[in-house]
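Coordinates as given in upload15.tsv (TSV, C-alpha atoms):
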```tsv
chain	number	residue	atom	x	y	z
G	20	THR	CA	98.25	56.90	185.07
G	21	VAL	CA	99.96	57.92	181.84
G	22	ASP	CA	96.94	59.94	180.78
G	23	ARG	CA	96.89	61.76	184.07
G	24	LEU	CA	100.61	62.51	183.75
G	25	LEU	CA	100.10	63.90	180.25
G	26	LEU	CA	97.22	66.05	181.44
G	27	LEU	CA	99.39	67.35	184.27
G	28	ILE	CA	102.20	68.20	181.86
G	29	LEU	CA	99.77	69.99	179.54
G	30	LEU	CA	98.34	71.91	182.49
G	31	LEU	CA	101.81	72.97	183.62
G	32	GLN	CA	102.67	74.05	180.08
G	33	ARG	CA	99.55	76.22	179.92
G	34	ILE	CA	100.36	77.77	183.30
G	35	LEU	CA	103.95	78.49	182.22
G	36	LEU	CA	102.79	79.98	178.94
G	37	ARG	CA	100.34	82.23	180.76
G	38	LEU	CA	103.05	83.29	183.22
G	39	LEU	CA	105.45	84.04	180.35
G	40	LEU	CA	102.72	85.99	178.57
G	41	LEU	CA	101.96	87.99	181.71
G	42	LEU	CA	105.70	88.62	182.22
G	43	LEU	CA	106.05	89.76	178.62
G	44	ILE	CA	103.09	92.13	178.99
G	45	LEU	CA	104.60	93.48	182.21
G	46	LEU	CA	107.97	94.05	180.55
G	47	LEU	CA	106.33	95.82	177.62
G	48	ARG	CA	104.42	98.09	180.00
G	49	LEU	CA	107.61	98.85	181.95
G	50	LEU	CA	109.40	99.60	178.70
G	51	LEU	CA	106.61	101.93	177.63
G	52	LEU	CA	106.69	103.63	181.04
G	53	LEU	CA	110.48	104.11	180.78
G	54	LEU	CA	110.10	105.62	177.34
G	55	LEU	CA	107.51	108.03	178.68
G	56	LEU	CA	109.69	108.91	181.70
G	57	LEU	CA	112.97	109.08	179.79
G	58	PRO	CA	112.96	112.89	179.33
G	59	LEU	CA	112.24	113.35	183.05
G	60	LEU	CA	114.98	110.88	184.01
G	61	LEU	CA	117.47	112.64	181.77
G	62	LEU	CA	116.54	115.97	183.33
G	63	LEU	CA	116.99	114.55	186.84
G	64	LEU	CA	120.33	113.08	185.83
G	65	LEU	CA	121.47	116.44	184.48
G	66	GLN	CA	120.42	118.22	187.65
G	67	THR	CA	122.20	115.59	189.76
G	68	LEU	CA	125.38	116.10	187.74
G	69	GLN	CA	125.09	119.87	188.16
G	70	LEU	CA	124.61	119.46	191.91
G	71	PHE	CA	127.62	117.13	192.02
G	72	GLN	CA	129.71	119.75	190.22
G	73	ILE	CA	128.56	122.47	192.61
G	74	LEU	CA	129.31	120.48	195.74
G	75	LEU	CA	132.69	119.21	194.56
G	76	LEU	CA	133.86	121.98	192.26
G	77	GLY	CA	131.63	124.91	193.15
G	78	CYS	CA	130.63	125.64	189.58
G	79	CYS	CA	128.50	124.38	186.71
G	80	PHE	CA	130.62	123.98	183.63
G	81	ASP	CA	129.21	125.13	180.34
G	82	PHE	CA	131.23	123.62	177.55
G	83	ARG	CA	129.75	126.13	175.12
G	84	ARG	CA	132.41	128.56	176.37
G	85	THR	CA	135.04	127.30	173.98
G	86	ASP	CA	136.48	130.80	173.64
G	87	VAL	CA	138.06	130.70	177.12
G	88	VAL	CA	139.71	128.23	179.47
G	89	THR	CA	137.12	127.08	182.03
G	90	VAL	CA	139.14	124.63	184.11
G	91	THR	CA	142.68	124.69	185.47
G	92	PRO	CA	145.23	121.87	185.02
G	93	TRP	CA	144.46	120.83	188.63
G	94	LEU	CA	140.71	120.70	187.80
G	95	ALA	CA	139.61	123.85	189.61
G	96	PRO	CA	136.83	125.76	187.82
G	97	ILE	CA	137.56	129.12	186.21
G	98	VAL	CA	134.39	131.18	186.55
G	99	TRP	CA	133.21	133.11	183.50
G	100	GLU	CA	129.79	134.35	182.50
G	101	SER	CA	127.65	131.40	181.29
G	102	THR	CA	129.69	128.81	183.21
G	103	PHE	CA	127.24	128.73	186.12
G	104	ASP	CA	123.53	128.92	186.84
G	105	PRO	CA	123.04	131.81	189.32
G	106	VAL	CA	119.60	130.59	190.42
G	107	LEU	CA	120.87	127.09	191.10
G	108	MET	CA	123.99	128.37	192.88
G	109	ASP	CA	121.94	130.61	195.18
G	110	ALA	CA	119.49	127.78	195.85
G	111	ILE	CA	122.41	125.73	197.17
G	112	PHE	CA	124.14	128.40	199.26
G	113	LYS	CA	121.45	130.80	200.52
G	114	PRO	CA	119.71	128.26	202.79
G	115	GLN	CA	123.04	127.79	204.61
G	116	ASN	CA	122.68	131.30	206.14
G	117	LEU	CA	126.29	132.18	205.32
G	118	THR	CA	128.04	135.37	206.37
G	119	ILE	CA	130.43	136.86	203.84
G	120	ALA	CA	133.08	139.34	205.01
G	121	ALA	CA	134.97	141.78	202.81
G	122	THR	CA	137.92	144.03	203.58
G	123	VAL	CA	138.87	147.32	201.92
G	124	PHE	CA	141.67	149.74	202.74
G	125	ALA	CA	140.76	153.42	202.38
G	126	VAL	CA	144.00	154.99	203.59
G	127	GLY	CA	144.90	158.60	202.84
G	128	LYS	CA	143.23	160.03	199.78
G	129	TYR	CA	141.92	156.59	198.81
G	130	VAL	CA	138.98	157.28	201.11
G	131	GLN	CA	137.45	159.25	198.22
G	132	PHE	CA	136.68	155.94	196.45
G	133	LEU	CA	134.87	154.40	199.40
G	134	LYS	CA	131.40	155.82	198.74
G	135	ASP	CA	131.13	154.35	195.23
G	136	PHE	CA	132.56	151.06	196.45
G	137	LEU	CA	129.98	150.76	199.23
G	138	LYS	CA	127.04	151.97	197.13
G	139	THR	CA	127.73	149.57	194.28
G	140	SER	CA	128.40	146.69	196.68
G	141	GLU	CA	124.82	147.15	197.90
G	142	GLN	CA	123.64	146.61	194.33
G	143	PHE	CA	125.77	143.66	193.28
G	144	PHE	CA	127.89	142.03	196.01
G	145	PHE	CA	126.29	138.90	197.51
G	146	ILE	CA	122.76	140.20	197.40
G	147	GLY	CA	120.51	138.25	199.76
G	148	PHE	CA	123.39	137.11	201.97
G	149	ASN	CA	124.68	138.34	205.31
G	150	VAL	CA	127.54	140.70	204.43
G	151	HIS	CA	130.00	142.45	206.75
G	152	ILE	CA	132.41	144.95	205.17
G	153	TYR	CA	135.44	145.99	207.20
G	154	VAL	CA	136.87	149.39	206.24
G	155	PHE	CA	140.48	150.02	207.27
G	156	THR	CA	141.21	153.75	207.22
G	157	ASP	CA	143.22	156.52	208.84
G	158	ARG	CA	140.32	158.92	208.23
G	159	PRO	CA	137.33	157.43	210.08
G	160	ASN	CA	135.45	160.76	210.01
G	161	ASP	CA	135.48	160.67	206.22
G	162	VAL	CA	133.81	157.26	205.94
G	163	PRO	CA	130.50	157.93	204.11
G	164	LYS	CA	127.13	156.85	205.40
G	165	VAL	CA	125.52	154.44	202.96
G	166	GLN	CA	122.06	152.93	203.40
G	167	LEU	CA	122.46	149.21	203.94
G	168	ALA	CA	119.99	146.40	203.35
G	169	PRO	CA	118.97	144.14	206.26
G	170	GLY	CA	121.68	141.64	207.13
G	171	ARG	CA	124.48	143.90	205.91
G	172	LYS	CA	126.84	146.05	207.97
G	173	VAL	CA	129.99	148.16	207.72
G	174	SER	CA	132.63	148.33	210.46
G	175	VAL	CA	135.47	150.84	210.57
G	176	ARG	CA	138.94	149.93	211.84
G	177	VAL	CA	141.39	152.77	212.35
G	178	VAL	CA	144.92	152.23	211.03
G	179	GLN	CA	148.01	154.39	210.75
G	180	SER	CA	148.78	156.32	207.58
G	181	SER	CA	152.05	155.87	205.70
G	182	GLN	CA	154.32	157.93	203.48
G	183	ARG	CA	154.80	154.99	201.08
G	184	TRP	CA	151.95	153.34	199.20
G	185	GLN	CA	154.11	150.22	198.96
G	186	GLU	CA	154.06	149.94	202.75
G	187	ILE	CA	150.29	150.39	202.82
G	188	SER	CA	149.94	147.62	200.26
G	189	ALA	CA	152.28	145.28	202.10
G	190	ARG	CA	150.70	145.85	205.53
G	191	ARG	CA	147.28	144.77	204.31
G	192	MET	CA	148.13	141.08	204.71
G	193	GLU	CA	149.17	141.60	208.33
G	194	MET	CA	146.06	143.60	209.23
G	195	VAL	CA	143.68	141.19	207.50
G	196	HIS	CA	145.36	138.35	209.39
G	197	THR	CA	144.77	140.15	212.69
G	198	LEU	CA	141.11	140.67	211.76
G	199	LEU	CA	140.64	137.01	210.89
G	200	LEU	CA	141.96	135.97	214.29
G	201	GLU	CA	139.14	138.00	215.84
G	202	LEU	CA	136.28	136.83	213.64
G	203	SER	CA	133.83	134.40	215.18
G	204	ASP	CA	132.72	131.11	213.70
G	205	SER	CA	129.68	132.91	212.27
G	206	THR	CA	131.82	134.32	209.43
G	207	HIS	CA	132.27	131.72	206.73
G	208	PHE	CA	134.02	133.38	203.78
G	209	ILE	CA	136.04	136.55	203.23
G	210	PHE	CA	137.15	138.55	200.19
G	211	CYS	CA	139.93	141.15	200.24
G	212	LEU	CA	139.15	143.84	197.67
G	213	ASP	CA	140.62	147.08	196.34
G	214	VAL	CA	138.65	150.18	197.39
G	215	ASP	CA	139.42	152.12	194.20
G	216	SER	CA	137.00	149.88	192.32
G	217	LYS	CA	133.28	149.68	191.65
G	218	PHE	CA	130.84	146.82	191.17
G	219	HIS	CA	129.04	146.70	187.83
G	220	GLY	CA	127.48	143.24	187.86
G	221	ARG	CA	126.66	140.26	190.03
G	222	TRP	CA	129.37	138.97	192.37
G	223	GLY	CA	127.72	136.17	194.28
G	224	SER	CA	127.73	132.57	195.42
G	225	GLU	CA	129.41	131.34	192.24
G	226	SER	CA	132.65	132.86	193.62
G	227	LEU	CA	132.65	130.90	196.88
G	228	GLY	CA	135.43	128.41	197.44
G	229	GLU	CA	138.05	127.36	199.97
G	230	LEU	CA	140.82	129.37	198.29
G	231	VAL	CA	139.84	131.84	195.57
G	232	ALA	CA	142.15	133.73	193.21
G	233	VAL	CA	141.34	136.25	190.47
G	234	VAL	CA	143.23	136.27	187.17
G	235	HIS	CA	144.88	139.65	186.56
G	236	PRO	CA	143.15	141.51	183.70
G	237	GLY	CA	146.42	142.88	182.40
G	238	TYR	CA	148.15	139.53	181.84
G	239	TYR	CA	145.55	136.80	181.28
G	240	GLY	CA	146.27	136.65	177.56
G	241	ASN	CA	150.05	136.74	177.92
G	242	PRO	CA	152.57	133.88	178.03
G	243	ARG	CA	154.16	133.02	181.36
G	244	SER	CA	157.42	134.68	180.34
G	245	ARG	CA	155.69	138.08	180.46
G	246	PHE	CA	154.16	137.68	183.91
G	247	PRO	CA	155.68	140.25	186.32
G	248	PHE	CA	156.65	137.71	188.97
G	249	GLU	CA	159.43	138.45	191.45
G	250	ARG	CA	162.53	137.09	189.67
G	251	ARG	CA	165.20	137.79	192.31
G	252	THR	CA	166.15	134.65	194.18
G	253	LYS	CA	166.87	136.61	197.36
G	254	SER	CA	163.14	137.33	197.82
G	255	ARG	CA	160.77	134.80	199.35
G	256	ALA	CA	158.34	135.74	196.59
G	257	TYR	CA	160.78	134.40	193.96
G	258	MET	CA	159.28	132.56	191.01
G	259	ALA	CA	161.52	130.63	188.63
G	260	PRO	CA	161.01	131.09	184.86
G	261	SER	CA	159.22	127.75	184.70
G	262	ASP	CA	156.97	128.52	187.69
G	263	GLY	CA	153.46	129.92	187.65
G	264	ASP	CA	150.07	128.92	186.30
G	265	PHE	CA	148.38	132.32	185.97
G	266	TYR	CA	149.27	135.80	187.13
G	267	TYR	CA	146.81	136.66	189.90
G	268	CYS	CA	145.87	140.16	191.02
G	269	GLY	CA	146.35	141.42	194.55
G	270	GLY	CA	143.23	143.55	194.35
G	271	ALA	CA	140.80	140.67	194.83
G	272	PHE	CA	141.23	137.29	196.49
G	273	GLY	CA	139.46	135.31	199.17
G	274	GLY	CA	138.11	132.03	200.40
G	275	SER	CA	137.11	130.40	203.65
G	276	VAL	CA	138.23	132.11	206.87
G	277	ASP	CA	140.66	129.29	207.69
G	278	GLN	CA	142.27	129.28	204.27
G	279	VAL	CA	142.65	133.06	204.06
G	280	LEU	CA	144.03	133.06	207.59
G	281	ALA	CA	146.79	130.68	206.46
G	282	LEU	CA	147.40	132.74	203.31
G	283	THR	CA	147.74	136.07	205.11
G	284	GLN	CA	149.94	134.56	207.80
G	285	THR	CA	152.39	133.15	205.24
G	286	CYS	CA	152.46	136.21	202.98
G	287	SER	CA	152.83	138.60	205.90
G	288	LYS	CA	155.68	136.59	207.41
G	289	ASN	CA	157.48	136.30	204.08
G	290	TYR	CA	157.19	140.04	203.51
G	291	ARG	CA	158.56	140.85	206.96
G	292	ASP	CA	161.40	138.34	206.61
G	293	ASP	CA	162.32	139.92	203.26
G	294	GLU	CA	162.14	143.36	204.87
G	295	LYS	CA	164.61	142.33	207.58
G	296	GLU	CA	167.07	141.49	204.83
G	297	GLY	CA	166.49	144.75	202.96
G	298	VAL	CA	164.39	143.14	200.21
G	299	GLU	CA	161.04	144.31	198.87
G	300	ALA	CA	159.28	142.14	196.29
G	301	ALA	CA	158.55	143.75	192.93
G	302	TRP	CA	154.81	144.14	193.58
G	303	GLN	CA	154.74	143.79	197.38
G	304	GLU	CA	151.76	141.71	198.56
G	305	GLU	CA	150.81	140.75	194.99
G	306	SER	CA	154.21	139.13	194.45
G	307	HIS	CA	153.94	137.14	197.68
G	308	LEU	CA	150.33	136.26	196.84
G	309	ASN	CA	151.37	134.79	193.49
G	310	ARG	CA	154.07	132.75	195.16
G	311	TYR	CA	151.53	131.45	197.67
G	312	PHE	CA	149.06	130.47	194.94
G	313	TRP	CA	151.83	128.67	193.06
G	314	GLU	CA	152.53	126.51	196.09
G	315	ASN	CA	148.91	126.29	197.27
G	316	LYS	CA	146.64	125.90	194.26
G	317	PRO	CA	143.36	127.85	194.42
G	318	SER	CA	140.26	125.69	194.63
G	319	LYS	CA	138.49	128.21	192.41
G	320	VAL	CA	139.77	130.80	189.94
G	321	LEU	CA	137.71	133.83	188.97
G	322	SER	CA	138.09	135.26	185.49
G	323	PRO	CA	139.10	138.90	184.85
G	324	GLU	CA	135.38	139.74	184.93
G	325	TYR	CA	135.89	139.93	188.71
G	326	LEU	CA	138.51	142.68	188.54
G	327	TRP	CA	138.68	144.51	185.24
G	328	GLN	CA	140.27	147.92	184.64
G	329	ASP	CA	138.14	150.86	183.47
G	330	PHE	CA	140.85	152.15	181.14
G	331	LYS	CA	140.93	148.85	179.20
G	332	PRO	CA	138.53	148.23	176.31
G	333	ARG	CA	136.34	145.18	176.86
G	334	ASN	CA	137.65	142.18	174.96
G	335	PRO	CA	135.11	139.89	173.18
G	336	GLU	CA	135.46	137.13	175.78
G	337	ILE	CA	134.54	139.56	178.57
G	338	ARG	CA	130.76	139.30	178.33
G	339	ILE	CA	130.22	141.15	181.61
G	340	ILE	CA	132.31	143.33	183.91
G	341	ARG	CA	131.46	142.57	187.53
G	342	PHE	CA	134.10	144.59	189.39
G	343	SER	CA	136.54	147.10	187.92
G	344	GLY	CA	139.26	149.48	189.01
G	345	VAL	CA	138.36	153.11	188.31
G	346	ILE	CA	140.51	155.50	186.29
G	347	LYS	CA	142.64	157.65	188.61
G	348	ASN	CA	145.65	159.93	188.79
G	349	TYR	CA	148.15	158.07	190.97
G	350	ALA	CA	150.28	161.19	191.42
G	351	ALA	CA	147.32	162.91	193.10
G	352	ILE	CA	146.29	160.13	195.48
G	353	ARG	CA	149.47	158.31	196.48
G	354	PRO	CA	151.89	159.73	199.08
G	355	ASN	CA	154.73	158.66	196.79
G	356	VAL	CA	154.73	157.44	193.18
```

As structure tokens, how would this structure be written, given the file I've shared?
Amino acid sequence: TVDRLLLLILLLQRILLRLLLLLLILLLRLLLLLLLLLPLLLLLLLQTLQLFQILLLGCCFDFRRTDVVTVTPWLAPIVWESTFDPVLMDAIFKPQNLTIAATVFAVGKYVQFLKDFLKTSEQFFFIGFNVHIYVFTDRPNDVPKVQLAPGRKVSVRVVQSSQRWQEISARRMEMVHTLLLELSDSTHFIFCLDVDSKFHGRWGSESLGELVAVVHPGYYGNPRSRFPFERRTKSRAYMAPSDGDFYYCGGAFGGSVDQVLALTQTCSKNYRDDEKEGVEAAWQEESHLNRYFWENKPSKVLSPEYLWQDFKPRNPEIRIIRFSGVIKNYAAIRPNV
């Protein structure tokens, strides 16, 4: 009986040793397989992180851009050249069959800038997307005919002229708000742009966000104390000396239809309420826009690449100019200066 028990123990030991040996061989093979697959796993992890950043933040950060600020204090991305992968961004957004609207105001002599705006938009503005540009003008017969790619259209909306360019500027918020109330659910995003500007480079899906602001090219390197905010407390656009993150331009902003609808409603109401009290903010809609963005933080901020000024030399950090205001004689095109 004892001999049989010893034999049984020895047999069990051999079986356990063989199982341990097989387990060790299996672990070694798995380890070898992981080592072979490690580069692929790292690549997949990187792509997953990039996708996560796109879905949550709308941008792929590139920490090699140490020469500029690429994220706001509230963690919204600031889009510069080399902070996003255009192929990856388009691969995310193009399959969604989005429609992007844009508004421009070509009132009075500003209609002369419309042809270059429309022609260059066909080259650079959301190429491969459905695009609908709404032209507000008091000179519908002067709207140029520009050949449009499939999926793109231009609509003309007739508005009244004005003897004050300030009034034209201020009324834009109200008219864009009225347009947004009419747009169907098929329009997903909208950008409000200055007509006296031309596209020079890609403006695409990297700019999409719920609420999008563009940093003003004239003040992005200045301290807050030099920002031309409205400083009079009697205006609803008032900004205290300690207020403000960036100074945003009124010549380019946008976002989802719902968010821009809320923006234009608030800014238009504040302008009209100021007007009833005999107050006009320092820079009309731009002043009210900056106040709105102070209270409602943009989900995405576009760098000055997205609205440069032709008369300014390109600074080293501006690797590309995507959209830029043309050089013009204001005395010749504005009803009052």

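Counting all atoms listed in the file, the residue from G:Leu60, G:Val126, G:Leu200, G:Leu137 that sits nearest to G:Ala281 is G:Leu200.
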
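With all atoms listed in the file as the atoms that count, the minimum distance from G:Ser216 to the choices G:Ile44, G:Ala95, G:Ala271, G:Ile352 is reached by G:Ala271.
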
**Q.** Residue contacts of G:Ser318 (12 Å, all atoms listed in the file) excluding same-chain residues fewer than 3 positions away, as a PyMOL selection string
**A.** chain G and resi 75-78+90-98+226-233+272-275+278+312+315+321

Q: Go through G:Tyr349, G:Phe112, G:Tyr311, G:Phe145 one by one, measure the shortest atom-to-atom distance of each to G:Lys128 using only C-alpha atoms, and give the residue with the smallest value.
A: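 Checking each candidate against G:Lys128, we get G:Tyr349 as the closest.
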
Q) Restricting the calculation to all atoms listed in the file, which member of G:Trp302, G:Phe103, G:Phe132, G:Phe342 is positioned closest to G:Thr156? A)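 For G:Thr156, the nearest of the given residues is G:Phe132.
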
Q: Find the spatial neighbours of G:Asp264, counting only C-alpha atoms, within a cut-off of 12 Å - ignore same-chain residues fewer than 5 positions away - and output them as a ChimeraX atom specification.
A: /G:90-93,232,234-235,238-239,241-244,246,248,258-259,309-317,320

Q. Which polymer residues have any atom within 10 Å of an atom of G:Arg338, counting all atoms listed in the file, with same-chain residues fewer than 3 positions away left out, as number ranges by chain?
A. G: 99-101, 324, 333-335, 341

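When atom CA of G:Leu117 is paired with atom CA of G:Phe218, their separation reads 20.9 Å.
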
Q: Tell me which protein, DNA and RNA residues are within 8 Å of stretch 170-175 of chain G, counting all atoms listed in the file, leaving out same-chain ones fewer than 6 positions away, and put them as a VMD selection string.
A: chain G and resid 148 to 156 159

(Q) Neighbouring residues of G:Asp109 were defined as those with any atom within 10 Å, considering all atoms listed in the file; residues of the same chain fewer than 4 positions away were excluded. Please report them as a ChimeraX atom specification. (A) /G:104-105,113-115,145-148,223-225

Q) Hey, can you check how far atom CA of G:Arg176 sits from atom CA of G:Leu212? A) 15.4 Å

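Picture a line from atom CA of G:Ile346 to atom CA of G:Ile119; it runs 27.5 Å.
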
Q | Option closest in space to G:Lys134, from G:Arg251, G:His207, G:Lys217, G:His196 [counting only C-alpha atoms] | A | G:Lys217
